[in-house]
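Below is one structure; the comments refer to it alone.
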Protein chains: 4
Amino acid sequence: MTDRWESKLHEECGVFGIYSPDGADVVSACYHGLYALQHRGQESCGIAVNNQGVISCHKDLGLVSSVFTREVLEAMGPGQIGVGHCRYATTGSQVVENAQPLLIRHRKGNMALAHNGNLTNAGELRREYELDGTIFYGTSDTEVIAHTITRQRLVSASIEEAVEKAMQKLKGAYSLVITSPRKLIAARDPMGFRPLCIGKLGESIVFASESCALDAVGARFVRDIEPGEIVVADDRGITSIRTRCGKKGSLCIFEFIYFARPDSVIDGCSVHQARLRAGELLARRHPVDADVVIGVPDSGLDAALGYARESGIPYGVGFIKNRYVGRTFIVPGQEQRENAVRIKLNPVSETVQGKRVVLIDDSIVRGTTSQKIVKLLRDAGAAEVHMRLSSPPFLYPCYFGVDVDSSENLIAYTHTLEEIREIIGADSLGYLGIDDLVHLVPECPYGICDACFTGNYPVDPPSVGNKDQFER
Amino acid sequence: MTDRWESKLHEECGVFGIYSPDGADVVSACYHGLYALQHRGQESCGIAVNNQGVISCHKDLGLVSSVFTREVLEAMGPGQIGVGHCRYATTGSQVVENAQPLLIRHRKGNMALAHNGNLTNAGELRREYELDGTIFYGTSDTEVIAHTITRQRLVSASIEEAVEKAMQKLKGAYSLVITSPRKLIAARDPMGFRPLCIGKLGESIVFASESCALDAVGARFVRDIEPGEIVVADDRGITSIRTRCGKKGSLCIFEFIYFARPDSVIDGCSVHQARLRAGELLARRHPVDADVVIGVPDSGLDAALGYARESGIPYGVGFIKNRYVGRTFIVPGQEQRENAVRIKLNPVSETVQGKRVVLIDDSIVRGTTSQKIVKLLRDAGAAEVHMRLSSPPFLYPCYFGVDVDSSENLIAYTHTLEEIREIIGADSLGYLGIDDLVHLVPECPYGICDACFTGNYPVDPPSVGNKDQFER
Amino acid sequence: MTDRWESKLHEECGVFGIYSPDGADVVSACYHGLYALQHRGQESCGIAVNNQGVISCHKDLGLVSSVFTREVLEAMGPGQIGVGHCRYATTGSQVVENAQPLLIRHRKGNMALAHNGNLTNAGELRREYELDGTIFYGTSDTEVIAHTITRQRLVSASIEEAVEKAMQKLKGAYSLVITSPRKLIAARDPMGFRPLCIGKLGESIVFASESCALDAVGARFVRDIEPGEIVVADDRGITSIRTRCGKKGSLCIFEFIYFARPDSVIDGCSVHQARLRAGELLARRHPVDADVVIGVPDSGLDAALGYARESGIPYGVGFIKNRYVGRTFIVPGQEQRENAVRIKLNPVSETVQGKRVVLIDDSIVRGTTSQKIVKLLRDAGAAEVHMRLSSPPFLYPCYFGVDVDSSENLIAYTHTLEEIREIIGADSLGYLGIDDLVHLVPECPYGICDACFTGNYPVDPPSVGNKDQFER
Amino acid sequence: MTDRWESKLHEECGVFGIYSPDGADVVSACYHGLYALQHRGQESCGIAVNNQGVISCHKDLGLVSSVFTREVLEAMGPGQIGVGHCRYATTGSQVVENAQPLLIRHRKGNMALAHNGNLTNAGELRREYELDGTIFYGTSDTEVIAHTITRQRLVSASIEEAVEKAMQKLKGAYSLVITSPRKLIAARDPMGFRPLCIGKLGESIVFASESCALDAVGARFVRDIEPGEIVVADDRGITSIRTRCGKKGSLCIFEFIYFARPDSVIDGCSVHQARLRAGELLARRHPVDADVVIGVPDSGLDAALGYARESGIPYGVGFIKNRYVGRTFIVPGQEQRENAVRIKLNPVSETVQGKRVVLIDDSIVRGTTSQKIVKLLRDAGAAEVHMRLSSPPFLYPCYFGVDVDSSENLIAYTHTLEEIREIIGADSLGYLGIDDLVHLVPECPYGICDACFTGNYPVDPPSVGNKDQFER
């Protein structure tokens, strides 16, 4: 759930919004909603509050707990609409300029916008707009979205019409939450790459990336927003625009495998359930004679429990994770660097000593972390270590909001299964099958995106060189 | 492991020390050792470093991650001996004056001292010393220990002799790590209330409250320090003074039930194992016909697994704990206060919906938290909730280093079992038996302290009124 | 020089730029230059550094001393061009969004822009651009300037051509420093409302609002930039574009009376000299029989010295100003509020006791401060207090970069001279004459702006309502 | 008034106290009083507040403005007695442990103590107490004072009796403000090295190092505390104990020359007046044919005015001091280091160009600063520079609270007058005469201490080596 290793994948963002006709505390709701979505982005966060059409915004680098002090929250004052955002970003772009929500002023009023996802045609749109003399302040594609909507707004009767027209131009992944002077709008791209759902809290309407954020603010889950759907909350209640909704979708399967919180339900599927199933499917596909099944905390635990249940091998607690190791942790000097992993993750000897261990993790990116973890177990006395991954081998980059290395840095792209097993030092190695993926989320009414495993991109990826320049 | 609720018990402190004849990075070792001991005290922390007899100290309120920035660590410079400390404190005494290590200057040199535990005669000694004109700067009993040792030092040939004599005067619980100009000394009170162990890292000697801190710095566990033992590390290696060692001891059983990290081994007993056993014993003592066994994270998880194994009822993941909620979290306004618990702990509906649930927690103090947790499960659809506690009912205050309410505030002291069950809203309620306790740690060569359950204090408690005034 | 009272006037900004062909430390130069210009704006500050065409920027609310820590400066790295800015802003707009330099990305590259002054047609231009779908992020007119230049840049062969064309559209006061990928450009509006000068530091070219900033970085003063002039520094040295230069100018006379530092020389005139002259002219216009002449620190001191010299009455030190009172100073509770003024400014009794005192200040805005100061003197034993102001009565708002109240809040607009004298409690009261103003700066080759005293605006003021909405 | 150069002298501390029978806001008074005394110590500050006998204290490194935020002040709550302190310290001892007030707990209650000065027998007393087993936490002699008073308190009927007895043991300079549970006590050493005065604010009694702090809180000056006097404020009003008062005193003359604020009156003498007289005496002793007299801000300005008045040479403004340069200012890189002085202090060319300048400063310590200042004037076009110092040559270290280099580092000790003149580059050089000193403060009823000029120490200095070890 948190960025455990340097080589771990990263989600881009979490979004949250609330429309309160009866003056509920929208700032407080955004604050607590972001706490529940913090795992989706720990780099920067922000809240925009709309008080009678005057929108103000506070955002900064850092966790919700450090950006929003009591003083800041009190200074934000009351409002009827709130929009929250938390964001992940690579080191190079850790700049407050790219923090969200993005607050802009245009011809027909103000607008604050929060975005989760990644456009595939941000570069083309940016070039097009620059030819007209448009200025850009940051490098995020969210700014491109803001310009696209604003341009449509000038020739549209309403903000929702502008969003609807803008969606014709925008390609790729985007779950948006927007406040105009009098409305709160949520929109999900036609492929539904990223989750987005609706809740109700008294008379208030709530939008959030994951249902766990609804729980956190005491809202009742209503339903997921459909791929391609625009939902408008205003003084007439909720309105839905479905002109961009198709029959199909391509929900990112990695939301279930790793990104989302296990207590969230996305497009009808429980994340926890999906992970249990991944473990069960793994047990069927790659059975092994062993004494105990353990998971790598936190994301591997559920799959380990599923593997244990299906295989009949006892489930055990293999590691204790240090909850205090965060961004400010200082890696030890040369002599102790080898031990750094043990400060974060320490094996429970009693569980593994003399045992044949099945070790479940969600994925292998570069292999260095898996190598260290396997060694930890062997040092703790494990007789055998059988590694099982609750996802297929990672082979292709993602263009829809996940920070994936180019194929060259993915161990599964450059090595055979046997080579990887040898590198990480396991006695056996087994991945989830690509055809297993759909069975993780049988309740999902749309399709899934498995492009990072198959290379079958549901939307054309950007042309070469584009990713580096514009993604963030 | 962290302070989850306002009504949770609190350990006082963690201590760490390193003596490095060959110039290992003692500051870095203390830093990482404290990271591993952070769960024992999150209020303040400090490191004293002894460089050729010149001892300097940095300490402040806050977590290790915020007190020790890169800048601070670099400024601390090299040293041959380091002493670290982390501390819990009640709200009223959140003052940097009480932070440790305590650095003092006396007739025969300097001394830095870190203390885990609680004296029962701190008040008497304080009054005795004040009659001689002694000044106290803070309210901690650690200052009383420093004065006691210093007074003996004037009439002793060595610091270890002074510590040995001081132990005649000191009553209660204390695990000490002390640096004199040329030595590192560890001492454990004759009853061994609090843990303390020895490790080896290359040529360096390491002392720590728990073995997980040895793991974190890459040290090899050597042995526990015996109750009553003084261990001296200096240029001649390790020397042991056992004149205060008796046959018996009274190790705090709550170290196993709640305080210590599951990956630690204390006095020969694995903490994880002890918790598994508590679950097994609970399953035998209070069996129930149910569908799933879940634990309250983090301390209830191991016992839940033990209960599941023994009972044959499947183990499930019942709650997701928000890892980002810390000290700076701001409780929501009146209207949302009821939901505060869901921000910290959210049930996984799939696990409990329609199920008869066995819910394992480590203890009930006031009952308010248990009440909320049971309600969470019922709201998530649990058909039945059977609460099981991995400790006996809490009836008496602790005078040996645990922050326990007076009996009047302990629900088990003021209510019957049936009343408690009704208050918390469970379908059934079962505690671990007092005679089960010894079976949690069969390998422990000394006795255990179960005074908070039985009122049988191994050392006379302080006279009335003493606790409030002097404890911290 | 600093904002002494709540009712004091405020300058908008200070700008600084350096072009270094030989790799001088441009960040350090900007840092020290801003220290020297800090009196022109204490609300926010920023530095943009251009390293081989890649421009990065750090800016935040706060003084130079707090925004630019050693860590921040080191992280900014090397560069060939630097642009610095410090800014004043009214309370309502204390937002980091309006801090400068403004860093933008457009079709033909990046640009960082620092602006001192105020456009009179910002509202019109903003509306015009918004009709094209342009988005604005903040409320400052600097953003309007950036859009104006960018639009011209698309149809111009060079950045300087774009600036030259943009100047046709921009109305009002602006002294600009801009870095394009390869050039550093300075431009001053055709009326030259705000100062801007050129210096040389080795091979480096320096631009600054005041010459004191050249002194601070060790640069040699070369000359002032003419009203309407554009100066380009690039690898061919300095180029000047004078197509917008007219014969006339209207330099803000308040730069001499209050804003600028006395050690600066602006358009050929020494600020210190101008203040001495103001005092001399006051002495001739409003002589009085008195024992001592004192000034209100800091801006009244020079004029007091001039008055003393001309009148022959001894100059004295009347007040000690507390140098530690800044933004974070907390005004005392109700009972002590009356004394707040004495914490900031304490009379020297020995100087005034039993004396007939001539008190010189630079201006009266609302009168409340003058009232308090006169009372301080009387309490300290002054026999008579004759107030003299080194500027004419303030009657009209400024639209060119000074934060002046609307006429209704100006005491001189709503009251007669005698009424004012009575309100502030002085024995006599005398202002500088409007016809004295030109004699303050006899060396100035252009005219001066005295609109705040006469209402004769050299450029049409914005239409009603414009000021509130767009000024900052 | 502020520490202008690295080579400048430093005062140790400022003290403040208030006893309020009617519940005035004592914390607010301490806060504002410390603002007025900030020039006496900018390294750390603190306030202790006594609420019905319960004394709490907040202190930290930093200026009053940064240590006491609104939040901190509000958390300090109400009280009847307050004690404030600000402190200077050399780099090596910039530790919060040495910050004051010192809050201690002893047999007969609590006590908070603030101290300005320096004991000459701190080392002896410390050794004596350590032999009894006393522990010291810091290195300040204030801790020695606390122990001395506490020891007497055990055998005394009252705190004032204990202070009176302690004064028999304490040697050297000390102005103390102490709160016991029910009293506020001020005491000044029998030689009266450091100032201390009494004021009245409504029914409240105020003690302060300088009268300017009384002004700042709106208190009326009552009188100075006599050398050797103890003043007690309690519910019976004010009581005075004069058993330690002798006829003579030895007030530090440097309080007038440099340390104190010009608006303060000490022992009947105006600081401003004393400086004016220093200038007049200098003019008589070292006349010169010149065009303008200027002072080095801030402490040289008054003496320059005095010189100008006596000599008839016009007074001018020679330098502008940058008010924003403080502790966090970062000295420029190698290439610009020469200009650092111009960032802090810039000459006003108009004043000195082509002129024969008389330059007044308060003293020369090492000479490096004077050298730079003279060079600044020559670069600005001064025809001649005649340096005059408003104190005699500095020859001997101070043991009474001023941070003076050992004689070896004092330029006047190692060089002849002519050598110094040549080193600093002046055309002529003249010091105030030792016999002039008494004429600075003719109203002072006690003697003055001129030991730093004459070596005639009014109290025996500590034995060799003592200073380094214990002073701070």
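In the structure tokens, chains take the letters A, B, ... in the order shown, each chain's residues start at 1, and ligands count up from 1 in the order shown.
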Determine which residues of chain C sit within 9 Å of chain A, taking into account only C-alpha atoms, and present them as a ChimeraX atom specification.
/C:102-108,126-127,129-139,146-147,150-154
Just the alpha helix (DSSP H) stuff from stretch 28-204 of chain B, please, per backbone DSSP, written as a VMD selection string.
chain B and resid 28 to 37 64 to 67 70 to 76 122 to 131 141 to 153 159 to 169
Using atom CA of C:Asp298 and atom CA of D:Gly268 as the two end points, give the distance in Å to one decimal.
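Atom CA of D:Gly268 lies 28.2 Å from atom CA of C:Asp298.
Non-sequential neighbours of stretch 249-257 of chain C (distance at most 7 Å, separation of 6 or more positions within a chain, only C-alpha atoms) are C:Pro190, C:Met191, C:Gly192, C:Phe193, C:Arg194, C:Pro227, C:Val271, C:Ala274, C:Arg275, C:Asp362, C:Ser390, C:Ser391, C:Tyr446, C:Gly447, C:Ile448, C:Cys449, C:Asp450, C:Pro458.
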Would you mind exporting N, CA and C atoms of the selected residues as a PDB file, in the first residue's frame?
ATOM      1  N   PRO C 190       7.125  53.393 -21.084  1.00  0.00           N
ATOM      2  CA  PRO C 190       7.471  54.672 -21.732  1.00  0.00           C
ATOM      3  C   PRO C 190       7.382  55.880 -20.816  1.00  0.00           C
ATOM      4  N   MET C 191       6.653  55.785 -19.706  1.00  0.00           N
ATOM      5  CA  MET C 191       6.602  56.896 -18.770  1.00  0.00           C
ATOM      6  C   MET C 191       7.652  56.743 -17.670  1.00  0.00           C
ATOM      7  N   GLY C 192       8.243  55.573 -17.579  1.00  0.00           N
ATOM      8  CA  GLY C 192       9.288  55.364 -16.575  1.00  0.00           C
ATOM      9  C   GLY C 192       8.811  55.556 -15.152  1.00  0.00           C
ATOM     10  N   PHE C 193       7.609  55.061 -14.856  1.00  0.00           N
ATOM     11  CA  PHE C 193       7.065  55.232 -13.497  1.00  0.00           C
ATOM     12  C   PHE C 193       7.998  54.648 -12.423  1.00  0.00           C
ATOM     13  N   ARG C 194       8.496  53.446 -12.717  1.00  0.00           N
ATOM     14  CA  ARG C 194       9.331  52.757 -11.726  1.00  0.00           C
ATOM     15  C   ARG C 194      10.777  52.747 -12.189  1.00  0.00           C
ATOM     16  N   PRO C 227      13.062  55.611 -19.860  1.00  0.00           N
ATOM     17  CA  PRO C 227      11.646  55.302 -20.038  1.00  0.00           C
ATOM     18  C   PRO C 227      11.393  54.847 -21.480  1.00  0.00           C
ATOM     19  N   VAL C 271      18.787  59.562  -3.743  1.00  0.00           N
ATOM     20  CA  VAL C 271      17.593  59.529  -2.897  1.00  0.00           C
ATOM     21  C   VAL C 271      17.854  60.272  -1.594  1.00  0.00           C
ATOM     22  N   ALA C 274      17.725  63.911  -2.229  1.00  0.00           N
ATOM     23  CA  ALA C 274      16.345  64.368  -2.437  1.00  0.00           C
ATOM     24  C   ALA C 274      15.629  64.566  -1.106  1.00  0.00           C
ATOM     25  N   ARG C 275      15.929  63.689  -0.163  1.00  0.00           N
ATOM     26  CA  ARG C 275      15.276  63.816   1.140  1.00  0.00           C
ATOM     27  C   ARG C 275      15.831  64.982   1.943  1.00  0.00           C
ATOM     28  N   ASP C 362       7.427  61.427   6.543  1.00  0.00           N
ATOM     29  CA  ASP C 362       7.345  61.544   5.085  1.00  0.00           C
ATOM     30  C   ASP C 362       5.936  61.839   4.594  1.00  0.00           C
ATOM     31  N   SER C 390       7.377  65.653   4.559  1.00  0.00           N
ATOM     32  CA  SER C 390       8.247  65.833   3.403  1.00  0.00           C
ATOM     33  C   SER C 390       7.553  65.468   2.096  1.00  0.00           C
ATOM     34  N   SER C 391       6.227  65.536   2.082  1.00  0.00           N
ATOM     35  CA  SER C 391       5.460  65.385   0.830  1.00  0.00           C
ATOM     36  C   SER C 391       4.202  66.217   0.943  1.00  0.00           C
ATOM     37  N   TYR C 446      13.810  63.477 -16.908  1.00  0.00           N
ATOM     38  CA  TYR C 446      12.404  63.279 -17.294  1.00  0.00           C
ATOM     39  C   TYR C 446      11.515  63.983 -16.283  1.00  0.00           C
ATOM     40  N   GLY C 447      10.254  63.962 -16.529  1.00  0.00           N
ATOM     41  CA  GLY C 447       9.330  64.544 -15.572  1.00  0.00           C
ATOM     42  C   GLY C 447       9.045  63.604 -14.422  1.00  0.00           C
ATOM     43  N   ILE C 448       8.227  64.061 -13.479  1.00  0.00           N
ATOM     44  CA  ILE C 448       7.849  63.221 -12.367  1.00  0.00           C
ATOM     45  C   ILE C 448       6.330  63.020 -12.355  1.00  0.00           C
ATOM     46  N   CYS C 449       5.907  61.972 -11.689  1.00  0.00           N
ATOM     47  CA  CYS C 449       4.482  61.729 -11.498  1.00  0.00           C
ATOM     48  C   CYS C 449       4.097  62.234 -10.112  1.00  0.00           C
ATOM     49  N   ASP C 450       3.158  63.177 -10.063  1.00  0.00           N
ATOM     50  CA  ASP C 450       2.681  63.670  -8.773  1.00  0.00           C
ATOM     51  C   ASP C 450       1.165  63.484  -8.662  1.00  0.00           C
ATOM     52  N   PRO C 458      -0.653  60.749 -15.559  1.00  0.00           N
ATOM     53  CA  PRO C 458       0.071  60.806 -16.842  1.00  0.00           C
ATOM     54  C   PRO C 458      -0.480  59.781 -17.831  1.00  0.00           C
TER      55      PRO C 458
END
Find the distance between atom CA of A:Leu196 and atom CA of B:Phe319 and write it in Å to one decimal.
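Atom-to-atom, atom CA of A:Leu196 to atom CA of B:Phe319, that is 22.3 Å.
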Looking only at the backbone, which of the residues in stretch 350-392 of chain C does DSSP tag as strand (DSSP E), as a list in words?
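Selecting the strand (DSSP E) positions of stretch 350-392 of chain C gives Arg356, Val357, Val358, Leu359, Ile360, Asp361, Glu384, Val385, His386, Met387, Arg388 and Leu389 of chain C.
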Save the residues we just selected, C-alpha atoms, as a short mmCIF file (atom, residue, chain, number, x, y, z; two decimals), in the first residue's frame?
data_model
loop_
_atom_site.label_atom_id
_atom_site.label_comp_id
_atom_site.auth_asym_id
_atom_site.auth_seq_id
_atom_site.Cartn_x
_atom_site.Cartn_y
_atom_site.Cartn_z
CA ARG C 356 9.94 72.68 21.30
CA VAL C 357 10.19 69.87 18.80
CA VAL C 358 10.00 69.90 15.00
CA LEU C 359 8.86 66.40 13.98
CA ILE C 360 9.46 65.30 10.40
CA ASP C 361 7.70 62.38 8.75
CA GLU C 384 5.58 71.84 21.60
CA VAL C 385 5.31 69.52 18.61
CA HIS C 386 5.46 71.03 15.14
CA MET C 387 4.79 68.42 12.50
CA ARG C 388 6.28 68.76 9.03
CA LEU C 389 5.70 66.36 6.16
#
For B:Ile185, please output as a list of chain:residue names all residues within 9 Å (counting only C-alpha atoms; exclusion window: fewer than 5 positions along the same chain).
B:Gly17, B:Ile159, B:Glu160, B:Val163, B:Leu176, B:Val177, B:Ile178, B:Thr179, B:Ser180, B:Phe207, B:Ile230, B:Val231, B:Val232, B:Ala233, B:Asp234
Might you pull out every residue within 10 Å of B:Glu203, with only C-alpha atoms counted and same-chain residues fewer than 4 positions away left off, and present them as an NGL selection string?
:B and (19-24 or 237)
Go ahead and dump the residues you just picked, C-alpha atoms, as a compact mmCIF listing (two decimals), in the first residue's frame.
# COMPACT_ATOMS: atom_id res chain seq x y z
CA TYR B 19 30.23 0.12 22.18
CA SER B 20 32.47 0.10 19.15
CA PRO B 21 36.19 -0.49 19.64
CA ASP B 22 36.84 -0.30 15.91
CA GLY B 23 34.98 2.90 15.07
CA ALA B 24 31.76 1.57 13.56
CA GLY B 237 35.53 -6.70 26.14
Quick one: of D:Asn98, D:Ser175, D:Asn409, D:Ser204, who's nearest to D:Asp224, counting only C-alpha atoms?
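Comparing D:Asn98, D:Ser175, D:Asn409, D:Ser204 against D:Asp224, the winner is D:Ser175.
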Do a neighbour search on B:Val293 at 9 Å with only C-alpha atoms, toss out local chain neighbours closer than 2 positions, and write the hits as a short mmCIF file (atom, residue, chain, number, x, y, z; two decimals) with N, CA and C atoms, in the first residue's frame.
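Result file is selection.cif:
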data_model
loop_
_atom_site.label_atom_id
_atom_site.label_comp_id
_atom_site.auth_asym_id
_atom_site.auth_seq_id
_atom_site.Cartn_x
_atom_site.Cartn_y
_atom_site.Cartn_z
N ALA B 290 -18.39 -20.82 14.70
CA ALA B 290 -18.33 -19.58 13.91
C ALA B 290 -17.79 -19.86 12.52
N ASP B 291 -17.82 -18.81 11.66
CA ASP B 291 -17.41 -18.96 10.26
C ASP B 291 -16.03 -18.42 9.95
N GLY B 295 -8.64 -10.68 13.54
CA GLY B 295 -7.95 -9.99 14.64
C GLY B 295 -8.02 -8.49 14.45
N ALA B 304 -5.30 -14.19 16.58
CA ALA B 304 -6.39 -14.64 15.73
C ALA B 304 -5.96 -15.85 14.90
N LEU B 305 -4.74 -15.79 14.40
CA LEU B 305 -4.22 -16.91 13.62
C LEU B 305 -4.13 -18.16 14.50
N TYR B 307 -5.93 -18.81 17.17
CA TYR B 307 -7.30 -19.27 17.44
C TYR B 307 -7.83 -20.04 16.24
N ALA B 308 -7.59 -19.51 15.06
CA ALA B 308 -8.07 -20.16 13.84
C ALA B 308 -7.45 -21.55 13.70
N ILE B 313 -11.54 -22.99 12.50
CA ILE B 313 -12.34 -21.98 11.81
C ILE B 313 -11.40 -21.15 10.93
N PRO B 314 -11.81 -20.83 9.69
CA PRO B 314 -10.90 -20.11 8.79
C PRO B 314 -10.48 -18.76 9.35
N TYR B 315 -9.22 -18.42 9.11
CA TYR B 315 -8.66 -17.12 9.45
C TYR B 315 -9.01 -16.14 8.33
N GLY B 316 -9.44 -14.94 8.69
CA GLY B 316 -9.76 -13.96 7.66
C GLY B 316 -9.19 -12.59 7.97
N VAL B 317 -9.16 -11.74 6.93
CA VAL B 317 -8.71 -10.36 7.12
C VAL B 317 -9.94 -9.49 7.36
N GLY B 318 -10.11 -9.05 8.59
CA GLY B 318 -11.35 -8.37 8.94
C GLY B 318 -11.29 -6.87 8.85
N ARG B 356 -20.62 -15.49 11.06
CA ARG B 356 -20.47 -15.50 12.51
C ARG B 356 -18.98 -15.30 12.77
N VAL B 357 -18.64 -14.19 13.37
CA VAL B 357 -17.24 -13.76 13.45
C VAL B 357 -16.67 -13.94 14.85
N VAL B 358 -15.48 -14.53 14.93
CA VAL B 358 -14.72 -14.50 16.18
C VAL B 358 -13.73 -13.35 16.05
N LEU B 359 -13.83 -12.40 16.99
CA LEU B 359 -13.00 -11.19 16.93
C LEU B 359 -11.98 -11.23 18.06
N ILE B 360 -10.68 -11.19 17.69
CA ILE B 360 -9.64 -11.28 18.72
C ILE B 360 -8.95 -9.93 18.90
#
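Close contacts of B:Val83, defined as residues with an atom at most 6 Å away when counting only C-alpha atoms, with chain neighbours fewer than 6 positions off set aside, comprise Phe16, Gly17, Ile47 and Ala48 of chain B.
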For C-alpha atoms, I'd like the residues from the last selection saved as a JSON list (two decimals), in the first residue's frame.
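Output file result.json follows:
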[["chain", "number", "residue", "atom", "x", "y", "z"],
["B", 16, "PHE", "CA", 19.69, 1.03, 22.91],
["B", 17, "GLY", "CA", 23.45, 1.16, 23.30],
["B", 47, "ILE", "CA", 20.86, 9.81, 21.04],
["B", 48, "ALA", "CA", 23.97, 10.50, 23.11]]
